[in-house]
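Just entry34.cif here, mmCIF, C-alpha atoms and all ligand atoms:
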```
data_target
loop_
_atom_site.label_atom_id
_atom_site.label_comp_id
_atom_site.auth_asym_id
_atom_site.auth_seq_id
_atom_site.Cartn_x
_atom_site.Cartn_y
_atom_site.Cartn_z
CA MET N 1 94.95 170.72 76.16
CA SER N 2 98.45 170.67 77.64
CA GLU N 3 101.50 170.46 75.43
CA ALA N 4 103.21 167.03 75.50
CA LYS N 5 106.79 166.96 76.69
CA PRO N 6 109.30 165.80 74.10
CA VAL N 7 110.71 162.28 74.52
CA ARG N 8 114.42 162.68 75.19
CA ALA N 9 115.36 159.14 76.25
CA ILE N 10 113.89 155.72 76.71
CA SER N 11 115.07 152.74 78.74
CA THR N 12 115.06 149.40 77.05
CA PRO N 13 116.54 146.06 78.11
CA ILE N 14 119.22 144.76 75.79
CA ARG N 15 121.05 141.45 75.60
CA LEU N 16 123.89 140.36 73.40
CA GLU N 17 124.93 136.79 72.82
CA TYR N 18 128.19 136.14 71.08
CA SER N 19 130.80 133.46 70.56
CA TYR N 20 134.39 134.23 71.43
CA THR N 21 137.16 132.67 69.37
CA ALA N 22 140.16 132.60 71.63
CA GLY N 23 142.89 132.26 69.01
CA ARG N 24 146.08 130.19 69.39
CA ALA N 25 147.80 132.07 72.23
CA SER N 26 144.69 132.45 74.38
CA THR N 27 143.67 128.86 73.69
CA ARG N 28 146.99 127.61 75.08
CA PHE N 29 146.58 129.89 78.08
CA LEU N 30 143.02 128.74 78.75
CA ARG N 31 143.98 125.06 78.36
CA GLY N 32 146.72 125.72 80.92
CA MET N 33 144.12 127.18 83.27
CA ALA N 34 142.13 123.95 82.95
CA GLN N 35 145.25 122.12 84.19
CA GLY N 36 145.88 124.56 87.04
CA ARG N 37 148.86 126.11 85.22
CA ILE N 38 149.58 129.72 84.31
CA LEU N 39 151.15 129.91 80.85
CA GLY N 40 152.64 132.94 79.18
CA GLN N 41 154.78 133.60 76.14
CA ARG N 42 158.17 135.27 75.82
CA CYS N 43 159.02 137.77 73.10
CA PRO N 44 162.04 136.53 71.09
CA GLU N 45 163.36 140.09 70.69
CA CYS N 46 162.88 141.99 73.97
CA GLY N 47 162.42 138.95 76.23
CA LYS N 48 159.20 140.27 77.82
CA VAL N 49 156.90 137.57 79.15
CA TYR N 50 153.23 138.16 78.48
CA VAL N 51 150.73 136.57 80.88
CA PRO N 52 148.14 136.03 79.55
CA PRO N 53 149.86 135.75 76.17
CA ARG N 54 148.68 137.93 73.32
CA GLY N 55 150.35 135.94 70.54
CA SER N 56 152.65 138.82 69.70
CA CYS N 57 154.73 141.50 71.37
CA ALA N 58 153.09 144.90 71.16
CA THR N 59 156.46 146.63 71.51
CA CYS N 60 158.46 144.64 68.95
CA GLY N 61 155.63 143.64 66.63
CA VAL N 62 156.80 140.03 66.37
CA PRO N 63 154.99 136.77 67.16
CA THR N 64 155.62 135.19 70.56
CA GLU N 65 155.99 131.43 70.36
CA GLU N 66 158.09 130.39 73.35
CA GLU N 67 155.82 129.18 76.12
CA VAL N 68 156.72 130.10 79.69
CA GLU N 69 155.05 128.76 82.80
CA VAL N 70 154.92 131.08 85.80
CA THR N 71 153.83 130.40 89.34
CA GLY N 72 150.79 131.94 90.94
CA LYS N 73 152.93 134.19 93.12
CA GLY N 74 153.27 137.85 92.38
CA THR N 75 153.43 141.44 93.55
CA VAL N 76 150.72 144.09 93.81
CA THR N 77 151.90 146.99 91.65
CA THR N 78 148.85 149.25 92.00
CA PHE N 79 145.37 148.79 93.41
CA CYS N 80 141.99 150.39 93.90
CA ILE N 81 139.30 150.03 96.52
CA VAL N 82 135.89 149.36 95.02
CA ARG N 83 133.03 150.91 96.98
CA ILE N 84 130.25 150.42 94.42
CA PRO N 85 128.41 147.08 94.23
CA SER N 86 128.69 145.16 90.97
CA GLU N 87 126.10 142.85 89.41
CA ASN N 88 128.93 140.57 88.31
CA LEU N 89 130.49 140.09 91.72
CA SER N 90 128.84 138.60 94.75
CA ILE N 91 131.32 140.29 97.07
CA PRO N 92 129.89 143.21 99.01
CA PRO N 93 131.93 146.42 98.79
CA PRO N 94 134.33 147.67 99.86
CA PHE N 95 136.85 145.28 98.34
CA THR N 96 140.19 145.68 96.61
CA CYS N 97 141.25 144.99 93.04
CA ALA N 98 144.89 145.17 92.09
CA HIS N 99 147.32 144.98 89.25
CA ILE N 100 149.40 141.91 89.97
CA LEU N 101 152.76 141.26 88.39
CA LEU N 102 153.36 137.51 88.53
CA ASP N 103 156.93 136.43 89.21
CA GLY N 104 158.57 135.90 85.84
CA ALA N 105 155.99 137.97 83.93
CA ASP N 106 156.43 141.48 82.55
CA LEU N 107 152.85 142.70 82.35
CA PRO N 108 150.54 142.96 85.34
CA PHE N 109 146.89 141.99 85.13
CA PHE N 110 143.85 143.01 87.14
CA ALA N 111 142.55 140.69 89.86
CA LEU N 112 140.60 140.61 93.06
CA ILE N 113 142.43 140.57 96.41
CA GLN N 114 140.73 138.69 99.24
CA GLU N 115 141.53 137.07 102.59
CA CYS N 116 142.82 140.32 104.03
CA PRO N 117 141.15 143.58 105.05
CA PHE N 118 140.57 145.76 101.99
CA ASP N 119 142.47 148.68 103.51
CA GLN N 120 145.64 146.65 104.14
CA VAL N 121 146.40 146.02 100.47
CA ARG N 122 149.46 148.02 99.42
CA MET N 123 151.92 148.46 96.57
CA GLY N 124 154.64 145.83 96.76
CA MET N 125 152.49 143.38 98.71
CA ARG N 126 153.29 139.76 97.89
CA VAL N 127 150.29 137.64 96.90
CA GLU N 128 149.41 134.23 95.51
CA ALA N 129 146.62 132.88 93.36
CA VAL N 130 143.79 131.00 95.02
CA TRP N 131 142.40 128.41 92.63
CA VAL N 132 138.99 126.82 92.45
CA PRO N 133 138.94 123.14 93.53
CA LYS N 134 140.58 120.78 90.99
CA GLU N 135 137.27 119.28 89.91
CA GLU N 136 136.06 122.77 88.94
CA LEU N 137 139.05 123.64 86.74
CA GLY N 138 138.19 124.55 83.17
CA PRO N 139 139.36 126.73 80.28
CA THR N 140 138.58 130.03 81.97
CA PHE N 141 140.42 132.75 83.86
CA GLU N 142 137.83 132.20 86.58
CA CYS N 143 139.88 129.18 87.71
CA ILE N 144 141.73 131.74 89.80
CA LYS N 145 139.17 132.90 92.33
CA HIS N 146 141.29 135.71 93.72
CA PHE N 147 144.71 136.50 95.13
CA ARG N 148 145.62 136.54 98.79
CA PRO N 149 148.60 137.83 100.75
CA ILE N 150 151.52 135.53 101.48
CA ASP N 151 153.96 135.73 104.32
CA GLU N 152 156.82 137.36 102.43
CA PRO N 153 158.34 140.82 102.83
CA ASP N 154 156.96 143.47 100.45
CA ALA N 155 158.78 143.73 97.14
CA ALA N 156 161.05 146.75 96.77
CA TYR N 157 159.58 149.51 94.59
CA GLU N 158 162.57 149.26 92.22
CA THR N 159 161.59 145.67 91.36
CA TYR N 160 158.20 146.63 89.89
CA LYS N 161 158.40 150.36 89.14
CA GLU N 162 158.72 149.68 85.39
CA HIS N 163 155.45 147.74 85.46
CA LEU N 164 153.05 150.33 86.85
ZN ZN D 201 159.20 142.32 72.37
#
```
Step by step, read the file and then write its structure as structure tokens.
Ligand SMILES: [Zn+2]
Amino acid sequence: MSEAKPVRAISTPIRLEYSYTAGRASTRFLRGMAQGRILGQRCPECGKVYVPPRGSCATCGVPTEEEVEVTGKGTVTTFCIVRIPSENLSIPPPFTCAHILLDGADLPFFALIQECPFDQVRMGMRVEAVWVPKEELGPTFECIKHFRPIDEPDAAYETYKEHL
């Protein structure tokens, strides 16, 4: 009789279902998305504009109440080229994801860059949001399908170096 090998690991499917409570700041942001608007909030002490809003300023520790609308135009601050396929994205690799600093905002967020070759995305590149059709708008960040380049000169490094 041969000696059985010890079981060191097992694979098992797992699924989690949960409800997300957005909170006041995120609710306003998501309702803005449903209207095709990008809403942030400004800190009353340091003046930073958070998009999406967090409801408070992490630096100053105070609530942010003032609502600020920004456009869908922004600047690529950093980026990465994704070469591994993802179950959550139907886009075949390679593709580029970037930190985008929207004009008037002080914190970049991560988004997909499309409508240009993946290897032409660069720091300072000017981009704009591409929205889903109006009839598909809803309270979700997925209203913005991706960002694409716009015909503007690259932003100078000094204009976004504090936001890397
Ligand atoms: Zn602040």
With distances taken over only C-alpha atoms, the candidate from N:Cys60, N:Ala22, N:Ala105, N:Ala129 nearest Arg37 of chain N is N:Ala129
Using only C-alpha atoms and all ligand atoms, which of the listed residues (N:His163, N:Arg24, N:Arg83, N:Lys48) sits closest to ligand ZN 201 (chain D)?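 The answer is N:Lys48, which sits nearest to ligand ZN 201 (chain D).
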Find the residues near ligand ZN 201 (chain D). Use a cut-off of 9 Å, count all atoms listed in the file, and write them as a PDB file with C-alpha atoms, keeping the file's coordinate frame.
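In the end it all went to selection_33.pdb:
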```pdb
ATOM      1  CA  ARG N  42     158.170 135.270  75.820  1.00  0.00           C
ATOM      2  CA  CYS N  43     159.020 137.770  73.100  1.00  0.00           C
ATOM      3  CA  PRO N  44     162.040 136.530  71.090  1.00  0.00           C
ATOM      4  CA  GLU N  45     163.360 140.090  70.690  1.00  0.00           C
ATOM      5  CA  CYS N  46     162.880 141.990  73.970  1.00  0.00           C
ATOM      6  CA  GLY N  47     162.420 138.950  76.230  1.00  0.00           C
ATOM      7  CA  LYS N  48     159.200 140.270  77.820  1.00  0.00           C
ATOM      8  CA  VAL N  49     156.900 137.570  79.150  1.00  0.00           C
ATOM      9  CA  SER N  56     152.650 138.820  69.700  1.00  0.00           C
ATOM     10  CA  CYS N  57     154.730 141.500  71.370  1.00  0.00           C
ATOM     11  CA  ALA N  58     153.090 144.900  71.160  1.00  0.00           C
ATOM     12  CA  THR N  59     156.460 146.630  71.510  1.00  0.00           C
ATOM     13  CA  CYS N  60     158.460 144.640  68.950  1.00  0.00           C
ATOM     14  CA  GLY N  61     155.630 143.640  66.630  1.00  0.00           C
ATOM     15  CA  VAL N  62     156.800 140.030  66.370  1.00  0.00           C
ATOM     16  CA  PRO N  63     154.990 136.770  67.160  1.00  0.00           C
ATOM     17  CA  THR N  64     155.620 135.190  70.560  1.00  0.00           C
TER      18      THR N  64
END
```
For the contact check between segment 44-136 of chain N and segment 158-162 of chain N, emit one row per residue of segment 44-136 of chain N within 8 Å, containing the shortest atom pair and the distance in Å rounded to one decimal, counting only C-alpha atoms, chain then rising number order, as JSON lines.
```
{"residue": "N:Thr75", "atom": "CA", "partner": "N:Tyr160", "partner_atom": "CA", "distance": 7.9}
{"residue": "N:Thr77", "atom": "CA", "partner": "N:Tyr160", "partner_atom": "CA", "distance": 6.6}
{"residue": "N:Leu101", "atom": "CA", "partner": "N:Tyr160", "partner_atom": "CA", "distance": 7.8}
{"residue": "N:Gly124", "atom": "CA", "partner": "N:Tyr160", "partner_atom": "CA", "distance": 7.8}
```
Non-local contacts of segment 146-156 of chain N (6 Å; all atoms listed in the file; under 4 positions in same chain excluded) as a PyMOL selection string: chain N and resi 112-115+124-130
Would you save the residues from that selection as a PDB file, in the frame of the given file, using C-alpha atoms?
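Output below, filename result11.pdb:
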```
ATOM      1  CA  LEU N 112     140.600 140.610  93.060  1.00  0.00           C
ATOM      2  CA  ILE N 113     142.430 140.570  96.410  1.00  0.00           C
ATOM      3  CA  GLN N 114     140.730 138.690  99.240  1.00  0.00           C
ATOM      4  CA  GLU N 115     141.530 137.070 102.590  1.00  0.00           C
ATOM      5  CA  GLY N 124     154.640 145.830  96.760  1.00  0.00           C
ATOM      6  CA  MET N 125     152.490 143.380  98.710  1.00  0.00           C
ATOM      7  CA  ARG N 126     153.290 139.760  97.890  1.00  0.00           C
ATOM      8  CA  VAL N 127     150.290 137.640  96.900  1.00  0.00           C
ATOM      9  CA  GLU N 128     149.410 134.230  95.510  1.00  0.00           C
ATOM     10  CA  ALA N 129     146.620 132.880  93.360  1.00  0.00           C
ATOM     11  CA  VAL N 130     143.790 131.000  95.020  1.00  0.00           C
TER      12      VAL N 130
END
```
Grab the atom CA of Ile84 of chain N to atom CA of Phe109 of chain N distance for me, in Å with one decimal place.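 Computed distance, atom CA of Ile84 of chain N to atom CA of Phe109 of chain N, equals 20.8 Å.
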Exercise: Arg28 of chain N partners within 10 Å, all atoms listed in the file, chain neighbours under 6 positions left out, as a VMD selection string: chain N and resid 22 34 38 to 41 52 to 53 67 139
If you keep C-alpha atoms, can you produce a file of those selected residues as an mmCIF file, keeping the file's coordinate frame?
```cif
data_model
loop_
_atom_site.group_PDB
_atom_site.id
_atom_site.type_symbol
_atom_site.label_atom_id
_atom_site.label_comp_id
_atom_site.auth_asym_id
_atom_site.auth_seq_id
_atom_site.Cartn_x
_atom_site.Cartn_y
_atom_site.Cartn_z
ATOM 1 C CA ALA N 22 140.160 132.600 71.630
ATOM 2 C CA ALA N 34 142.130 123.950 82.950
ATOM 3 C CA ILE N 38 149.580 129.720 84.310
ATOM 4 C CA LEU N 39 151.150 129.910 80.850
ATOM 5 C CA GLY N 40 152.640 132.940 79.180
ATOM 6 C CA GLN N 41 154.780 133.600 76.140
ATOM 7 C CA PRO N 52 148.140 136.030 79.550
ATOM 8 C CA PRO N 53 149.860 135.750 76.170
ATOM 9 C CA GLU N 67 155.820 129.180 76.120
ATOM 10 C CA PRO N 139 139.360 126.730 80.280
#
```
By how many Å are atom CA of Met123 of chain N and atom CA of Phe79 of chain N apart?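 Atom-to-atom, atom CA of Met123 of chain N and atom CA of Phe79 of chain N are spaced 7.3 Å apart.
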Could the centre and edge lengths of an axis-aligned box, enclosing all atoms of segment 118-126 of chain N in the file with 5 Å extra on each side, be given in Å to one decimal as lines of an AutoDock Vina configuration file?
```
center_x = 147.6
center_y = 144.2
center_z = 100.4
size_x = 24.1
size_y = 18.9
size_z = 17.6
```
So that I can look at just that part, could you write segment 50-95 of chain N with N, CA and C atoms, as an mmCIF file, in the first residue's frame?
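Result went into result_4.cif, see below:
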```
data_model
loop_
_atom_site.group_PDB
_atom_site.id
_atom_site.type_symbol
_atom_site.label_atom_id
_atom_site.label_comp_id
_atom_site.auth_asym_id
_atom_site.auth_seq_id
_atom_site.Cartn_x
_atom_site.Cartn_y
_atom_site.Cartn_z
ATOM 1 N N TYR N 50 -11.762 67.035 -4.827
ATOM 2 C CA TYR N 50 -11.760 65.576 -4.914
ATOM 3 C C TYR N 50 -12.797 65.111 -5.932
ATOM 4 N N VAL N 51 -12.336 64.342 -6.919
ATOM 5 C CA VAL N 51 -13.218 63.740 -7.919
ATOM 6 C C VAL N 51 -12.786 62.279 -8.092
ATOM 7 N N PRO N 52 -13.576 61.312 -7.755
ATOM 8 C CA PRO N 52 -14.870 61.419 -7.086
ATOM 9 C C PRO N 52 -14.701 61.932 -5.657
ATOM 10 N N PRO N 53 -15.737 62.557 -5.112
ATOM 11 C CA PRO N 53 -15.633 63.088 -3.756
ATOM 12 C C PRO N 53 -15.624 61.974 -2.716
ATOM 13 N N ARG N 54 -14.926 62.226 -1.631
ATOM 14 C CA ARG N 54 -14.852 61.233 -0.554
ATOM 15 C C ARG N 54 -15.736 61.634 0.625
ATOM 16 N N GLY N 55 -16.200 62.898 0.607
ATOM 17 C CA GLY N 55 -17.005 63.386 1.723
ATOM 18 C C GLY N 55 -16.177 64.108 2.761
ATOM 19 N N SER N 56 -14.851 63.952 2.658
ATOM 20 C CA SER N 56 -13.970 64.658 3.579
ATOM 21 C C SER N 56 -12.602 64.772 2.928
ATOM 22 N N CYS N 57 -11.788 65.665 3.479
ATOM 23 C CA CYS N 57 -10.431 65.824 2.973
ATOM 24 C C CYS N 57 -9.493 64.983 3.841
ATOM 25 N N ALA N 58 -8.778 64.081 3.204
ATOM 26 C CA ALA N 58 -7.887 63.194 3.946
ATOM 27 C C ALA N 58 -6.719 63.958 4.557
ATOM 28 N N THR N 59 -6.344 65.080 3.960
ATOM 29 C CA THR N 59 -5.220 65.864 4.462
ATOM 30 C C THR N 59 -5.633 66.710 5.662
ATOM 31 N N CYS N 60 -6.785 67.391 5.533
ATOM 32 C CA CYS N 60 -7.209 68.342 6.567
ATOM 33 C C CYS N 60 -8.150 67.710 7.600
ATOM 34 N N GLY N 61 -8.748 66.588 7.251
ATOM 35 C CA GLY N 61 -9.649 65.925 8.185
ATOM 36 C C GLY N 61 -10.944 66.673 8.420
ATOM 37 N N VAL N 62 -11.398 67.417 7.416
ATOM 38 C CA VAL N 62 -12.655 68.155 7.551
ATOM 39 C C VAL N 62 -13.633 67.701 6.464
ATOM 40 N N PRO N 63 -14.932 67.847 6.721
ATOM 41 C CA PRO N 63 -15.914 67.477 5.690
ATOM 42 C C PRO N 63 -15.805 68.380 4.470
ATOM 43 N N THR N 64 -16.086 67.831 3.307
ATOM 44 C CA THR N 64 -16.137 68.629 2.075
ATOM 45 C C THR N 64 -17.599 68.725 1.675
ATOM 46 N N GLU N 65 -18.091 69.934 1.578
ATOM 47 C CA GLU N 65 -19.507 70.150 1.251
ATOM 48 C C GLU N 65 -19.685 70.837 -0.094
ATOM 49 N N GLU N 66 -18.744 71.740 -0.438
ATOM 50 C CA GLU N 66 -18.926 72.529 -1.663
ATOM 51 C C GLU N 66 -18.809 71.631 -2.893
ATOM 52 N N GLU N 67 -19.854 71.620 -3.693
ATOM 53 C CA GLU N 67 -19.861 70.797 -4.889
ATOM 54 C C GLU N 67 -19.208 71.546 -6.040
ATOM 55 N N VAL N 68 -18.401 70.841 -6.806
ATOM 56 C CA VAL N 68 -17.692 71.431 -7.939
ATOM 57 C C VAL N 68 -17.905 70.529 -9.143
ATOM 58 N N GLU N 69 -18.321 71.111 -10.254
ATOM 59 C CA GLU N 69 -18.457 70.313 -11.469
ATOM 60 C C GLU N 69 -17.219 70.520 -12.323
ATOM 61 N N VAL N 70 -16.656 69.438 -12.805
ATOM 62 C CA VAL N 70 -15.495 69.518 -13.691
ATOM 63 C C VAL N 70 -15.885 68.953 -15.051
ATOM 64 N N THR N 71 -15.085 69.293 -16.048
ATOM 65 C CA THR N 71 -15.365 68.764 -17.379
ATOM 66 C C THR N 71 -14.734 67.377 -17.487
ATOM 67 N N GLY N 72 -14.959 66.740 -18.590
ATOM 68 C CA GLY N 72 -14.375 65.426 -18.810
ATOM 69 C C GLY N 72 -12.984 65.483 -19.414
ATOM 70 N N LYS N 73 -12.407 66.680 -19.463
ATOM 71 C CA LYS N 73 -11.054 66.793 -20.018
ATOM 72 C C LYS N 73 -10.025 66.699 -18.912
ATOM 73 N N GLY N 74 -8.893 66.084 -19.245
ATOM 74 C CA GLY N 74 -7.850 65.948 -18.246
ATOM 75 C C GLY N 74 -6.512 65.590 -18.854
ATOM 76 N N THR N 75 -5.578 65.281 -17.962
ATOM 77 C CA THR N 75 -4.200 65.002 -18.346
ATOM 78 C C THR N 75 -3.763 63.653 -17.790
ATOM 79 N N VAL N 76 -3.103 62.871 -18.603
ATOM 80 C CA VAL N 76 -2.512 61.612 -18.142
ATOM 81 C C VAL N 76 -1.300 61.956 -17.277
ATOM 82 N N THR N 77 -1.323 61.512 -16.010
ATOM 83 C CA THR N 77 -0.174 61.780 -15.145
ATOM 84 C C THR N 77 0.799 60.592 -15.146
ATOM 85 N N THR N 78 0.275 59.395 -15.058
ATOM 86 C CA THR N 78 1.079 58.180 -15.178
ATOM 87 C C THR N 78 0.229 57.147 -15.897
ATOM 88 N N PHE N 79 0.848 56.073 -16.326
ATOM 89 C CA PHE N 79 0.067 55.048 -17.033
ATOM 90 C C PHE N 79 0.776 53.706 -16.943
ATOM 91 N N CYS N 80 0.060 52.661 -17.312
ATOM 92 C CA CYS N 80 0.676 51.343 -17.426
ATOM 93 C C CYS N 80 0.050 50.616 -18.612
ATOM 94 N N ILE N 81 0.837 49.762 -19.207
ATOM 95 C CA ILE N 81 0.351 48.947 -20.319
ATOM 96 C C ILE N 81 0.008 47.575 -19.764
ATOM 97 N N VAL N 82 -1.232 47.166 -19.978
ATOM 98 C CA VAL N 82 -1.712 45.892 -19.460
ATOM 99 C C VAL N 82 -1.541 44.839 -20.552
ATOM 100 N N ARG N 83 -0.825 43.784 -20.224
ATOM 101 C CA ARG N 83 -0.559 42.729 -21.204
ATOM 102 C C ARG N 83 -1.185 41.397 -20.792
ATOM 103 N N ILE N 84 -1.950 41.417 -19.716
ATOM 104 C CA ILE N 84 -2.582 40.197 -19.208
ATOM 105 C C ILE N 84 -4.092 40.344 -19.383
ATOM 106 N N PRO N 85 -4.762 39.370 -19.987
ATOM 107 C CA PRO N 85 -6.214 39.494 -20.168
ATOM 108 C C PRO N 85 -6.939 39.513 -18.826
ATOM 109 N N SER N 86 -8.068 40.214 -18.788
ATOM 110 C CA SER N 86 -8.852 40.301 -17.568
ATOM 111 C C SER N 86 -10.260 39.789 -17.840
ATOM 112 N N GLU N 87 -10.797 39.022 -16.884
ATOM 113 C CA GLU N 87 -12.175 38.533 -17.011
ATOM 114 C C GLU N 87 -13.167 39.679 -17.050
ATOM 115 N N ASN N 88 -12.804 40.805 -16.421
ATOM 116 C CA ASN N 88 -13.744 41.920 -16.285
ATOM 117 C C ASN N 88 -13.727 42.872 -17.467
ATOM 118 N N LEU N 89 -12.796 42.711 -18.359
ATOM 119 C CA LEU N 89 -12.700 43.606 -19.505
ATOM 120 C C LEU N 89 -12.732 42.793 -20.786
ATOM 121 N N SER N 90 -13.512 43.286 -21.732
ATOM 122 C CA SER N 90 -13.622 42.558 -22.992
ATOM 123 C C SER N 90 -12.533 42.981 -23.974
ATOM 124 N N ILE N 91 -11.697 43.921 -23.560
ATOM 125 C CA ILE N 91 -10.667 44.430 -24.461
ATOM 126 C C ILE N 91 -9.463 43.487 -24.451
ATOM 127 N N PRO N 92 -9.030 43.070 -25.626
ATOM 128 C CA PRO N 92 -7.855 42.193 -25.644
ATOM 129 C C PRO N 92 -6.585 42.986 -25.344
ATOM 130 N N PRO N 93 -5.669 42.427 -24.568
ATOM 131 C CA PRO N 93 -4.410 43.124 -24.316
ATOM 132 C C PRO N 93 -3.550 43.121 -25.589
ATOM 133 N N PRO N 94 -2.592 44.006 -25.714
ATOM 134 C CA PRO N 94 -2.248 45.031 -24.720
ATOM 135 C C PRO N 94 -3.166 46.252 -24.830
ATOM 136 N N PHE N 95 -3.422 46.867 -23.686
ATOM 137 C CA PHE N 95 -4.139 48.145 -23.658
ATOM 138 C C PHE N 95 -3.542 48.983 -22.532
#
```
